[in-house]
Each structure stands twice: as structure tokens, then as C-alpha cells.
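Shown here: coords.cif, mmCIF, C-alpha atoms.
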```cif
data_work
loop_
_atom_site.label_atom_id
_atom_site.label_comp_id
_atom_site.auth_asym_id
_atom_site.auth_seq_id
_atom_site.Cartn_x
_atom_site.Cartn_y
_atom_site.Cartn_z
CA MET O 140 -77.82 -131.80 -14.14
CA ALA O 141 -74.95 -132.22 -11.76
CA GLU O 142 -72.24 -129.63 -11.79
CA ILE O 143 -68.93 -130.72 -13.29
CA GLU O 144 -66.28 -130.62 -10.62
CA VAL O 145 -63.40 -128.40 -11.54
CA ASN O 146 -60.21 -128.25 -9.53
CA GLN O 147 -58.85 -124.86 -8.63
CA GLY O 148 -55.73 -125.25 -10.72
CA GLN O 149 -57.52 -126.19 -13.96
CA THR O 150 -57.46 -123.82 -16.90
CA LEU O 151 -60.24 -123.49 -19.44
CA GLU O 152 -58.13 -125.44 -21.93
CA MET O 153 -57.95 -128.40 -19.55
CA ARG O 154 -61.72 -128.34 -18.98
CA ARG O 155 -62.56 -128.70 -22.64
CA PRO O 156 -64.15 -132.00 -23.54
CA LEU O 157 -61.95 -134.26 -25.66
CA SER O 158 -63.19 -136.64 -28.31
CA PRO O 159 -62.54 -140.26 -27.29
CA HIS O 160 -58.90 -141.22 -27.67
CA LEU O 161 -57.30 -144.58 -28.44
CA THR O 162 -56.80 -145.25 -24.74
CA VAL O 163 -60.52 -145.39 -23.87
CA TYR O 164 -61.21 -148.23 -26.29
CA ARG O 165 -60.61 -151.93 -25.78
CA PRO O 166 -58.26 -152.97 -28.62
CA MET O 167 -60.26 -154.22 -31.60
CA LEU O 168 -59.09 -155.93 -34.77
CA THR O 169 -60.54 -153.25 -37.07
CA MET O 170 -58.73 -150.61 -35.03
CA MET O 171 -55.46 -152.56 -35.13
CA MET O 172 -55.69 -152.99 -38.91
CA SER O 173 -56.30 -149.27 -39.29
CA ILE O 174 -53.22 -148.46 -37.19
CA ALA O 175 -51.20 -151.08 -39.05
CA HIS O 176 -52.25 -149.54 -42.38
CA ARG O 177 -50.82 -146.21 -41.29
CA ILE O 178 -47.64 -147.71 -39.83
CA THR O 179 -46.99 -149.83 -42.94
CA GLY O 180 -47.61 -146.75 -45.09
CA GLY O 181 -44.98 -144.84 -43.13
CA ALA O 182 -42.58 -147.80 -43.30
CA LEU O 183 -43.00 -148.06 -47.08
CA TYR O 184 -42.36 -144.33 -47.33
CA LEU O 185 -38.94 -144.86 -45.73
CA GLY O 186 -38.51 -148.14 -47.60
CA THR O 187 -38.36 -146.24 -50.91
CA VAL O 188 -34.74 -145.52 -49.90
CA LEU O 189 -34.00 -149.24 -50.30
CA LEU O 190 -35.56 -149.32 -53.78
CA VAL O 191 -33.62 -146.23 -54.86
CA TRP O 192 -30.41 -147.72 -53.47
CA TYR O 193 -30.87 -150.97 -55.38
CA LEU O 194 -31.81 -149.22 -58.64
CA LEU O 195 -28.92 -146.75 -58.43
CA ALA O 196 -26.48 -149.53 -57.55
CA ALA O 197 -27.67 -151.60 -60.52
CA ALA O 198 -27.44 -148.56 -62.81
CA THR O 199 -23.92 -147.81 -61.54
CA GLY O 200 -22.76 -151.42 -61.64
CA GLY O 201 -19.44 -152.82 -60.45
CA ALA O 202 -18.65 -152.54 -56.74
CA ALA O 203 -21.83 -150.55 -55.99
CA PHE O 204 -24.02 -153.37 -57.33
CA GLY O 205 -21.85 -155.96 -55.59
CA PHE O 206 -22.33 -154.26 -52.23
CA ALA O 207 -26.12 -153.83 -52.63
CA SER O 208 -26.43 -157.43 -53.81
CA TRP O 209 -24.41 -158.64 -50.83
CA PHE O 210 -26.50 -156.59 -48.37
CA PHE O 211 -29.89 -157.79 -49.65
CA GLY O 212 -28.60 -161.35 -49.62
CA SER O 213 -27.25 -161.09 -46.04
CA PHE O 214 -29.22 -162.09 -42.94
CA VAL O 215 -29.97 -158.49 -41.96
CA GLY O 216 -30.84 -157.64 -45.56
CA GLN O 217 -33.24 -160.59 -45.77
CA LEU O 218 -34.84 -159.53 -42.48
CA VAL O 219 -35.33 -155.99 -43.83
CA LEU O 220 -36.75 -157.35 -47.09
CA PHE O 221 -39.12 -159.65 -45.18
CA ALA O 222 -40.44 -156.66 -43.19
CA PHE O 223 -40.66 -154.58 -46.37
CA THR O 224 -42.58 -157.35 -48.16
CA PHE O 225 -45.02 -157.70 -45.27
CA ALA O 226 -45.50 -153.92 -45.06
CA LEU O 227 -46.13 -153.73 -48.82
CA LEU O 228 -48.63 -156.59 -48.84
CA HIS O 229 -50.43 -155.46 -45.68
CA HIS O 230 -50.76 -151.97 -47.15
CA PHE O 231 -51.82 -153.51 -50.49
CA PHE O 232 -54.69 -155.50 -48.96
CA GLY O 233 -55.54 -152.62 -46.62
CA GLY O 234 -55.75 -150.38 -49.69
CA ILE O 235 -58.16 -152.78 -51.41
CA ARG O 236 -60.25 -152.76 -48.21
CA HIS O 237 -60.35 -148.98 -48.41
CA LEU O 238 -61.43 -149.15 -52.07
CA ILE O 239 -64.28 -151.48 -51.07
CA TRP O 240 -65.33 -148.99 -48.40
CA ASP O 241 -65.04 -146.10 -50.88
CA ALA O 242 -67.45 -147.95 -53.16
CA GLY O 243 -69.89 -147.99 -50.24
CA TYR O 244 -69.68 -151.66 -49.25
CA GLY O 245 -68.43 -153.57 -46.23
CA PHE O 246 -69.49 -151.24 -43.43
CA ASP O 247 -71.86 -153.54 -41.55
CA LYS O 248 -70.95 -155.33 -38.32
CA ASP O 249 -69.96 -158.65 -39.86
CA TRP O 250 -68.18 -157.41 -42.98
CA ARG O 251 -66.01 -154.99 -41.05
CA GLU O 252 -64.60 -157.95 -39.15
CA TYR O 253 -64.32 -160.16 -42.26
CA LEU O 254 -62.35 -157.46 -44.06
CA ALA O 255 -60.03 -156.92 -41.07
CA ILE O 256 -59.38 -160.66 -40.70
CA GLY O 257 -59.02 -160.97 -44.47
CA THR O 258 -56.43 -158.17 -44.61
CA LEU O 259 -54.37 -159.81 -41.88
CA ALA O 260 -54.66 -163.37 -43.20
CA ALA O 261 -54.01 -162.45 -46.83
CA SER O 262 -50.96 -160.32 -46.01
CA VAL O 263 -49.38 -162.95 -43.72
CA ALA O 264 -50.10 -165.77 -46.20
CA THR O 265 -48.82 -163.95 -49.31
CA THR O 266 -45.68 -162.75 -47.49
CA LEU O 267 -44.83 -166.33 -46.49
CA ILE O 268 -45.66 -167.69 -49.95
CA LEU O 269 -43.51 -165.04 -51.67
CA PHE O 270 -40.58 -165.67 -49.34
CA ILE O 271 -40.76 -169.43 -49.76
CA ALA O 272 -41.09 -169.00 -53.53
CA ALA O 273 -38.11 -166.62 -53.63
CA HIS O 274 -35.93 -169.02 -51.66
CA LEU O 275 -36.92 -172.07 -53.71
CA ALA O 276 -36.27 -170.31 -57.01
CA MET T 178 -57.64 -113.67 -51.64
CA SER T 179 -61.37 -113.40 -52.21
CA HIS T 180 -63.21 -110.14 -51.79
CA ASP T 181 -66.58 -111.61 -50.91
CA PRO T 182 -68.49 -108.66 -49.38
CA PHE T 183 -70.74 -111.07 -47.46
CA SER T 184 -67.89 -113.04 -45.92
CA ILE T 185 -68.13 -113.33 -42.17
CA ARG T 186 -64.46 -114.29 -41.86
CA SER T 187 -62.30 -111.79 -40.02
CA PRO T 188 -59.47 -110.05 -41.88
CA ALA T 189 -56.99 -111.72 -39.51
CA SER T 190 -58.25 -115.22 -40.34
CA LYS T 191 -58.16 -114.39 -44.05
CA VAL T 192 -54.50 -113.46 -44.11
CA SER T 193 -53.52 -116.51 -42.07
CA PHE T 194 -55.29 -118.75 -44.63
CA LEU T 195 -57.70 -120.20 -42.10
CA GLY T 196 -60.95 -121.73 -43.23
CA ALA T 197 -61.81 -123.52 -46.44
CA ALA T 198 -59.10 -123.39 -49.10
CA LYS T 199 -61.65 -124.71 -51.65
CA THR T 200 -59.20 -127.34 -52.85
CA GLY T 201 -59.88 -129.85 -50.07
CA THR T 202 -60.96 -132.77 -52.24
CA GLY T 203 -57.92 -132.69 -54.54
CA ASP T 204 -55.69 -134.84 -52.35
CA LEU T 205 -58.57 -137.17 -51.50
CA TRP T 206 -59.14 -137.81 -55.20
CA ARG T 207 -55.40 -138.19 -55.91
CA MET T 208 -55.26 -140.84 -53.19
CA ARG T 209 -58.20 -142.76 -54.72
CA VAL T 210 -56.78 -142.66 -58.25
CA THR T 211 -53.27 -143.72 -57.21
CA THR T 212 -54.69 -146.50 -54.98
CA VAL T 213 -56.59 -147.93 -57.96
CA ALA T 214 -53.48 -147.59 -60.15
CA LEU T 215 -51.18 -149.17 -57.56
CA VAL T 216 -53.22 -152.38 -57.21
CA PRO T 217 -52.03 -153.81 -60.57
CA LEU T 218 -48.75 -151.86 -60.47
CA ALA T 219 -47.76 -153.26 -57.05
CA ILE T 220 -48.36 -156.78 -58.39
CA ALA T 221 -46.15 -155.93 -61.39
CA PHE T 222 -43.53 -154.50 -59.00
CA ILE T 223 -43.48 -157.67 -56.89
CA TRP T 224 -43.24 -159.79 -60.05
CA ILE T 225 -40.26 -157.73 -61.29
CA VAL T 226 -38.50 -157.94 -57.90
CA LEU T 227 -39.01 -161.72 -57.80
CA ARG T 228 -37.36 -161.98 -61.22
CA LEU T 229 -34.43 -159.79 -60.11
CA ILE T 230 -33.64 -161.76 -56.92
CA GLY T 231 -30.16 -163.29 -56.98
CA LYS T 232 -29.44 -162.05 -60.50
CA SER T 233 -25.93 -160.99 -61.53
CA GLU T 234 -25.30 -157.55 -62.99
CA ALA T 235 -25.64 -158.93 -66.52
CA GLY T 236 -28.83 -160.73 -65.50
CA VAL T 237 -30.33 -157.53 -64.08
CA ARG T 238 -29.45 -155.63 -67.27
CA ALA T 239 -31.11 -158.34 -69.33
CA GLU T 240 -34.32 -157.95 -67.27
CA PHE T 241 -34.30 -154.18 -67.80
CA ALA T 242 -33.69 -154.61 -71.52
CA HIS T 243 -37.31 -155.76 -71.75
CA PRO T 244 -39.56 -152.67 -72.20
CA CYS T 245 -42.25 -154.09 -69.87
CA THR T 246 -39.85 -154.03 -66.89
CA ALA T 247 -39.06 -150.35 -67.42
CA ILE T 248 -42.60 -149.25 -68.27
CA PHE T 249 -44.25 -150.98 -65.30
CA LEU T 250 -41.53 -149.81 -62.91
CA LEU T 251 -41.83 -146.22 -64.15
CA LEU T 252 -45.62 -146.30 -63.77
CA PHE T 253 -45.23 -147.80 -60.28
CA ILE T 254 -42.75 -145.08 -59.28
CA LEU T 255 -44.92 -142.30 -60.74
CA ALA T 256 -48.06 -143.44 -58.89
CA SER T 257 -45.98 -143.96 -55.71
CA ILE T 258 -44.65 -140.38 -55.73
CA VAL T 259 -48.19 -138.97 -55.50
CA HIS T 260 -49.48 -141.72 -53.19
CA MET T 261 -46.65 -141.34 -50.65
CA ARG T 262 -46.80 -137.54 -50.71
CA VAL T 263 -50.54 -137.46 -49.98
CA GLY T 264 -50.33 -140.30 -47.45
CA MET T 265 -47.53 -138.70 -45.44
CA GLN T 266 -49.37 -135.38 -45.65
CA SER T 267 -52.38 -136.89 -43.87
CA ILE T 268 -50.12 -138.32 -41.16
CA LEU T 269 -48.52 -134.88 -40.69
CA ASP T 270 -51.98 -133.25 -40.63
CA ASP T 271 -53.03 -135.61 -37.83
CA TYR T 272 -49.97 -135.53 -35.58
CA VAL T 273 -47.89 -132.41 -36.25
CA HIS T 274 -49.52 -129.24 -34.96
CA ALA T 275 -46.70 -126.77 -34.23
CA PRO T 276 -46.97 -124.32 -37.17
CA ARG T 277 -43.25 -123.95 -37.97
CA VAL T 278 -42.52 -127.66 -37.60
CA LYS T 279 -45.53 -128.54 -39.73
CA GLU T 280 -44.48 -126.23 -42.56
CA TRP T 281 -40.98 -127.69 -42.65
CA ALA T 282 -42.34 -131.21 -42.43
CA MET T 283 -44.63 -130.56 -45.42
CA ILE T 284 -41.76 -129.08 -47.44
CA GLY T 285 -39.58 -132.05 -46.48
CA ASN T 286 -42.34 -134.48 -47.44
CA LEU T 287 -42.77 -132.95 -50.89
CA LEU T 288 -39.03 -132.78 -51.56
CA PHE T 289 -38.41 -136.35 -50.33
CA SER T 290 -41.20 -137.71 -52.55
CA ILE T 291 -39.94 -135.86 -55.63
CA GLY T 292 -36.33 -136.73 -54.79
CA PHE T 293 -37.21 -140.42 -54.52
CA GLY T 294 -39.18 -140.32 -57.75
CA VAL T 295 -36.64 -138.50 -59.88
CA THR T 296 -33.74 -140.63 -58.62
CA ALA T 297 -35.61 -143.88 -59.17
CA ILE T 298 -36.85 -142.83 -62.63
CA PHE T 299 -33.30 -141.79 -63.61
CA ALA T 300 -31.88 -145.15 -62.49
CA VAL T 301 -34.56 -147.13 -64.36
CA LEU T 302 -34.03 -145.11 -67.55
CA LYS T 303 -30.24 -145.50 -67.31
CA LEU T 304 -30.60 -149.26 -66.80
CA SER T 305 -33.08 -149.68 -69.63
CA LEU T 306 -31.67 -147.38 -72.27
CA SER T 307 -27.93 -147.92 -71.85
#
```
Would you give me this structure, written as C-alpha cells?
Amino acid sequence: MAEIEVNQGQTLEMRRPLSPHLTVYRPMLTMMMSIAHRITGGALYLGTVLLVWYLLAAATGGAAFGFASWFFGSFVGQLVLFAFTFALLHHFFGGIRHLIWDAGYGFDKDWREYLAIGTLAASVATTLILFIAAHLA
Amino acid sequence: MSHDPFSIRSPASKVSFLGAAKTGTGDLWRMRVTTVALVPLAIAFIWIVLRLIGKSEAGVRAEFAHPCTAIFLLLFILASIVHMRVGMQSILDDYVHAPRVKEWAMIGNLLFSIGFGVTAIFAVLKLSLS
């Protein structure tokens, strides 16, 4: 075996082999959906502040409810709610995908891709449907 | 602290709580259970939100007067507290390595999750019972 070249300045820490990182892979849909699942989870975590705000405002009533109502009805508020809805639905379908995996199904080459595409398609479609339904109502 | 005479772990690693804590599957199981619970509860949550959109204060109160609104929201909040705490914990486990920062982040995560839950539960109860 060939000797591994080590520069003079390298410490032992730097010479340690690393497990493959994100940067060595060509972006794949399954990988993107996994990252999106984590990001949407984090976003929903922060989004709980919005839910608490609305519930507290409604429980307080008066000006507090008026302000919350105005915000969620405003352009910025609608934009935030659209992102929140997408995050919730993406995480919802991603969660179902994880339950399927936990049951031991969907690991083969084709089904991995189907589930990734399905997560993306279902979350985009349901977000649009919900927003259209909410605006028509 | 165990006193296993056959343990090969060094005294130093024992006091710094390194190695298996023997409770490793608890959070994994909590995540599974809350994921299963949140599938129907998230649908209920979305349904409730859709009904609340554009409602006046009186309209919102009327929605909360129905026991199903309160019960499903409370269940959704309860499952979410555990789900978000465990989920954020795994993110912290993966990305935060500095010991002091990690400890504070974990404390913050637990307190934020409980704070969210208690506040939301209080608001729902106040809306439904008053």
C-alpha cells in the first residue's frame, strides 16, 4: 500500500479520516427531502410562537385579538402563514414517510425515490389547495 | 453510579457520564409515539385553523365553545411538546458539540417546549371554559 502523504504542519487530528460529508455527494432528492424535514421541523419549532400568540390574543380579546387578526390577515402575515403551512405539511408527509420506514418498508431503490417525490408533491399540492380553499371561503 | 466490579470504564469516564446511559431508546420511542399521534391530530389542527380564519372575536369564542375544538387542540399541543423537545434535541446532538453551549441549549430547549405548551394550554382552557 502506498504511504499517505502528510504535510509537515498537519496534526494527528487533521490526519484522522472523516466520514463522508454532505459536500462529497451530488445532491439527490432523498437527501434534499431529509434536509428539508429537519429544516421544516426547526421552523415549526419556532412557529409555535405564532400559535401561542394567536391563542393568547384570542383569550385576551379586545385590542390584542384585533392586532393579531390584522397581522395574520396582512400581506406579511399571509406570507408567514403560507410558509408555516408548507413547513407543517412537508413535515407531516415526511413524518409519514418515516413511519413507513420504521415499519420496515420503502427502503429499496425505487421506493426511496417514490417516497421522496411523493413527500414533495403531496406537500406542495396540499399547501396550494389549503390556501386556495382558505381564500375562497 | 453503578458499581459493576467487571466494568472496564475508567473512573474518570464514569464521573463525566460518558458511555451508555441505558436510557437511549426512550427518546426514540417518544418520537415514534408522538409521530403516530400527530398524524390525525395535525389534520384536526389544520381543520380547526381553517374554521378560525377570518372569524371575529365572537366567532372564535363560538368555535372554542365546542368541546371537540378544545380537546383536539389540547391533544395536539400535548403531543407537540414532546415531539418538538425530542426533535430539537436530536438537532442539538448533531450540531452543537461545545459542552457548555450544549448544556445551555438543552436546558433552553426543554424550557421553551414546556413554556410553549403551558402557555398554549392555558389560552385554550381560558377560551373554552370562560
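Residue-level contact on chain T: within 7 Å of chain O, counting all atoms listed in the file, the set is Thr212, Val216, Leu227, Glu234, Met261, Phe293, Thr296, Ala297, Ala300, Val301, Lys303 and Leu304 of chain T.
The gap separating CA of Met208 (chain T) from CA of Ser193 (chain T) is 26.8 Å, in Å to one decimal.
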Ala260 (chain O) environment, 12 Å, only C-alpha atoms, sequence neighbours closer than 2 positions dropped, as a compact mmCIF listing (two decimals) with C-alpha atoms, keeping the file's coordinate frame:
```txt
# COMPACT_ATOMS: atom_id res chain seq x y z
CA MET O 172 -55.69 -152.99 -38.91
CA PHE O 225 -45.02 -157.70 -45.27
CA LEU O 228 -48.63 -156.59 -48.84
CA HIS O 229 -50.43 -155.46 -45.68
CA PHE O 232 -54.69 -155.50 -48.96
CA GLY O 233 -55.54 -152.62 -46.62
CA TYR O 253 -64.32 -160.16 -42.26
CA LEU O 254 -62.35 -157.46 -44.06
CA ALA O 255 -60.03 -156.92 -41.07
CA ILE O 256 -59.38 -160.66 -40.70
CA GLY O 257 -59.02 -160.97 -44.47
CA THR O 258 -56.43 -158.17 -44.61
CA SER O 262 -50.96 -160.32 -46.01
CA VAL O 263 -49.38 -162.95 -43.72
CA ALA O 264 -50.10 -165.77 -46.20
CA THR O 265 -48.82 -163.95 -49.31
CA THR O 266 -45.68 -162.75 -47.49
CA LEU O 267 -44.83 -166.33 -46.49
```
Correct to one decimal, the distance CA of Leu259 (chain O)-CA of Thr202 (chain T) is 29.7 Å
Find the residues around Gly292 (chain T) up to 12 Å (all atoms listed in the file counted), leave out those fewer than 5 positions away in its own chain, and share them as a PyMOL selection string.
(chain O and resi 187-188+191) or (chain T and resi 254-255+258+262+284-287+297-299)
Grab the residues selected above and save them as an mmCIF file, in the coordinates of the input with C-alpha atoms.
```
data_model
loop_
_atom_site.group_PDB
_atom_site.id
_atom_site.type_symbol
_atom_site.label_atom_id
_atom_site.label_comp_id
_atom_site.auth_asym_id
_atom_site.auth_seq_id
_atom_site.Cartn_x
_atom_site.Cartn_y
_atom_site.Cartn_z
ATOM 1 C CA THR O 187 -38.360 -146.240 -50.910
ATOM 2 C CA VAL O 188 -34.740 -145.520 -49.900
ATOM 3 C CA VAL O 191 -33.620 -146.230 -54.860
ATOM 4 C CA ILE T 254 -42.750 -145.080 -59.280
ATOM 5 C CA LEU T 255 -44.920 -142.300 -60.740
ATOM 6 C CA ILE T 258 -44.650 -140.380 -55.730
ATOM 7 C CA ARG T 262 -46.800 -137.540 -50.710
ATOM 8 C CA ILE T 284 -41.760 -129.080 -47.440
ATOM 9 C CA GLY T 285 -39.580 -132.050 -46.480
ATOM 10 C CA ASN T 286 -42.340 -134.480 -47.440
ATOM 11 C CA LEU T 287 -42.770 -132.950 -50.890
ATOM 12 C CA ALA T 297 -35.610 -143.880 -59.170
ATOM 13 C CA ILE T 298 -36.850 -142.830 -62.630
ATOM 14 C CA PHE T 299 -33.300 -141.790 -63.610
#
```
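Among the candidates O:Leu220, O:Val163, O:Ala226, O:Ala207, the residue lying nearest to His176 (chain O) is O:Ala226 (atoms considered: all atoms listed in the file).
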Quote the spacing between CA of Ala261 (chain O) and CA of Gly294 (chain T) in Å to one decimal place.
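Between these atoms lies a distance of 28.8 Å.
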Which residues are close to Ala242 (chain T), i.e. within 12 Å by all atoms listed in the file, leaving aside same-chain residues fewer than 4 positions away? Reply as a list of chain:residue names.
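Contacts, with the query itself left out: T:Ala235, T:Gly236, T:Val237, T:Arg238, T:Thr246, T:Ala247, T:Ile248, T:Val301, T:Leu302, T:Lys303, T:Leu304, T:Ser305, T:Leu306, T:Ser307.
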Mind writing region 218-236 of chain O to a file for me, with N, CA, C and O atoms, as a compact mmCIF listing (two decimals), in the first residue's frame?
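part-v2.txt, freshly written:
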```txt
# COMPACT_ATOMS: atom_id res chain seq x y z
N LEU O 218 -47.89 35.69 4.11
CA LEU O 218 -46.65 35.08 3.63
C LEU O 218 -46.08 34.12 4.70
O LEU O 218 -45.68 32.99 4.39
N VAL O 219 -46.10 34.60 5.95
CA VAL O 219 -45.62 33.79 7.07
C VAL O 219 -46.49 32.54 7.23
O VAL O 219 -45.99 31.43 7.40
N LEU O 220 -47.81 32.73 7.13
CA LEU O 220 -48.73 31.60 7.27
C LEU O 220 -48.57 30.60 6.13
O LEU O 220 -48.70 29.39 6.34
N PHE O 221 -48.27 31.11 4.92
CA PHE O 221 -48.06 30.22 3.78
C PHE O 221 -46.82 29.35 4.03
O PHE O 221 -46.87 28.12 3.83
N ALA O 222 -45.75 29.98 4.51
CA ALA O 222 -44.52 29.24 4.82
C ALA O 222 -44.77 28.24 5.96
O ALA O 222 -44.31 27.10 5.90
N PHE O 223 -45.52 28.67 6.96
CA PHE O 223 -45.83 27.81 8.09
C PHE O 223 -46.65 26.60 7.63
O PHE O 223 -46.38 25.46 8.03
N THR O 224 -47.63 26.85 6.77
CA THR O 224 -48.48 25.77 6.25
C THR O 224 -47.64 24.77 5.47
O THR O 224 -47.78 23.55 5.65
N PHE O 225 -46.75 25.29 4.60
CA PHE O 225 -45.90 24.39 3.82
C PHE O 225 -44.98 23.58 4.72
O PHE O 225 -44.83 22.37 4.54
N ALA O 226 -44.39 24.25 5.71
CA ALA O 226 -43.49 23.56 6.65
C ALA O 226 -44.25 22.45 7.38
O ALA O 226 -43.76 21.33 7.51
N LEU O 227 -45.45 22.77 7.84
CA LEU O 227 -46.26 21.79 8.58
C LEU O 227 -46.59 20.58 7.70
O LEU O 227 -46.43 19.43 8.12
N LEU O 228 -47.02 20.85 6.46
CA LEU O 228 -47.44 19.75 5.59
C LEU O 228 -46.24 18.93 5.10
O LEU O 228 -46.33 17.71 4.98
N HIS O 229 -45.12 19.63 4.82
CA HIS O 229 -43.92 18.89 4.40
C HIS O 229 -43.45 17.97 5.52
O HIS O 229 -43.12 16.81 5.30
N HIS O 230 -43.46 18.51 6.74
CA HIS O 230 -43.04 17.72 7.90
C HIS O 230 -44.04 16.60 8.18
O HIS O 230 -43.66 15.51 8.60
N PHE O 231 -45.31 16.87 7.92
CA PHE O 231 -46.38 15.87 8.09
C PHE O 231 -46.15 14.68 7.15
O PHE O 231 -46.11 13.53 7.61
N PHE O 232 -45.96 14.97 5.86
CA PHE O 232 -45.75 13.87 4.91
C PHE O 232 -44.38 13.21 5.11
O PHE O 232 -44.25 11.99 4.95
N GLY O 233 -43.39 14.02 5.49
CA GLY O 233 -42.08 13.45 5.82
C GLY O 233 -42.17 12.51 7.00
O GLY O 233 -41.50 11.47 7.05
N GLY O 234 -43.01 12.88 7.97
CA GLY O 234 -43.22 12.04 9.16
C GLY O 234 -43.87 10.72 8.81
O GLY O 234 -43.47 9.66 9.33
N ILE O 235 -44.84 10.76 7.90
CA ILE O 235 -45.49 9.52 7.45
C ILE O 235 -44.48 8.63 6.73
O ILE O 235 -44.45 7.41 6.92
N ARG O 236 -43.59 9.27 5.93
CA ARG O 236 -42.53 8.53 5.25
C ARG O 236 -41.63 7.82 6.27
O ARG O 236 -41.27 6.67 6.10
```
